[in-house]
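For reference, the structure is listed below as structure tokens.
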Amino acid sequence: MNMKRKKNNYRAFLKKSGIKARDGKQVYISQANHRRITAIVSFLGNNDLTIADYLENVLNGHFQNYRDEINRMFDATPKVEL
């Protein structure tokens, strides 16, 4: 993958997600990751992006990239009946 394509792919994480933080759930992340994400959304997101936007986009990208593998792992897990 060339450098230009990597930059274009990363821009997908730097867009409004359409969710409002108050509509989601609270999660805890390390201070180090919080500092990193804050810097990303402040500088690269032009102060128009929230941490919730960024995390939603990163998670959506992760699930899209690993969907098949995650589904295979679920399929290989024994089902429990109650």
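By convention here, the chains of the structure tokens are called A, B, ... in the order presented, each chain's residues are numbered starting at 1, and ligands are numbered starting at 1 in the order presented.
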Report task. Excluding A:Asn57 and residues on its chain fewer than 4 positions from it, collect all residues at most 7 Å away from it, counting only C-alpha atoms, and give them as a list of chain:residue names. Result ->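 Neighbouring residues, sequence-local ones excluded: A:Phe13, A:Ser17, A:Asp53, A:Gly61.
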Report task. Please run DSSP on the backbone and report, as a PyMOL selection string, all residues within chain A that come out as helix (DSSP H, G or I). Result -> chain A and resi 3-11+21-23+31-44+51-76
Report task. Considering only C-alpha atoms, state which residue in the set A:Asp68, A:Lys15, A:Asp23, A:Tyr10 is at the smallest distance from A:Tyr54. Result ->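 Under the stated criterion, the closest residue is A:Lys15.
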Query raised in the report: Excluding same-chain residues fewer than 6 positions from stretch 32-35 of chain A, what lies within 12 Å of it counting only C-alpha atoms, as a ChimeraX atom specification?
Result: /A:41-42,50-52,54-55
How would the residues just picked look written out with all heavy atoms as a CSV table (one decimal), in the first residue's frame?
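The resulting file, part.csv, is reproduced below:
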chain,number,residue,atom,x,y,z
A,41,VAL,N,-7.9,14.4,17.5
A,41,VAL,CA,-9.1,15.1,17.1
A,41,VAL,C,-9.0,16.6,17.2
A,41,VAL,O,-9.6,17.3,16.4
A,41,VAL,CB,-10.3,14.7,18.0
A,41,VAL,CG1,-10.6,13.2,17.9
A,41,VAL,CG2,-10.1,15.0,19.5
A,42,SER,N,-8.1,17.1,18.0
A,42,SER,CA,-7.8,18.6,18.0
A,42,SER,C,-7.1,19.1,16.8
A,42,SER,O,-7.5,20.0,16.2
A,42,SER,CB,-7.0,18.9,19.3
A,42,SER,OG,-7.8,18.6,20.5
A,50,THR,N,-15.1,15.1,17.7
A,50,THR,CA,-15.1,14.7,19.1
A,50,THR,C,-14.4,13.4,19.3
A,50,THR,O,-14.2,12.6,18.4
A,50,THR,CB,-16.6,14.6,19.7
A,50,THR,OG1,-17.2,13.4,19.0
A,50,THR,CG2,-17.4,15.8,19.5
A,51,ILE,N,-14.0,13.1,20.5
A,51,ILE,CA,-13.4,11.8,20.8
A,51,ILE,C,-14.4,10.7,20.5
A,51,ILE,O,-14.1,9.7,20.0
A,51,ILE,CB,-13.0,11.7,22.3
A,51,ILE,CG1,-11.8,12.6,22.5
A,51,ILE,CG2,-12.7,10.3,22.7
A,51,ILE,CD1,-11.4,12.7,24.0
A,52,ALA,N,-15.7,10.9,20.8
A,52,ALA,CA,-16.7,9.9,20.4
A,52,ALA,C,-16.8,9.7,18.9
A,52,ALA,O,-16.9,8.5,18.5
A,52,ALA,CB,-18.1,10.4,21.0
A,54,TYR,N,-14.3,10.0,16.8
A,54,TYR,CA,-13.1,9.3,16.4
A,54,TYR,C,-13.2,7.8,16.8
A,54,TYR,O,-13.0,6.9,16.0
A,54,TYR,CB,-11.9,9.9,17.0
A,54,TYR,CG,-10.6,9.2,16.7
A,54,TYR,CD1,-10.0,9.5,15.5
A,54,TYR,CD2,-10.0,8.3,17.6
A,54,TYR,CE1,-8.8,8.8,15.1
A,54,TYR,CE2,-8.8,7.7,17.3
A,54,TYR,CZ,-8.2,8.0,16.0
A,54,TYR,OH,-7.1,7.3,15.7
A,55,LEU,N,-13.6,7.5,18.0
A,55,LEU,CA,-13.7,6.2,18.5
A,55,LEU,C,-14.8,5.4,17.7
A,55,LEU,O,-14.6,4.2,17.4
A,55,LEU,CB,-14.0,6.1,20.0
A,55,LEU,CG,-12.9,6.6,20.9
A,55,LEU,CD1,-13.3,6.6,22.4
A,55,LEU,CD2,-11.7,5.7,20.7
Query raised in the report: What is the distance between atom CA of A:Lys20 and atom CA of A:Asp48, in Å to one decimal?
Result: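 Separation of atom CA of A:Lys20 and atom CA of A:Asp48: 13.1 Å.
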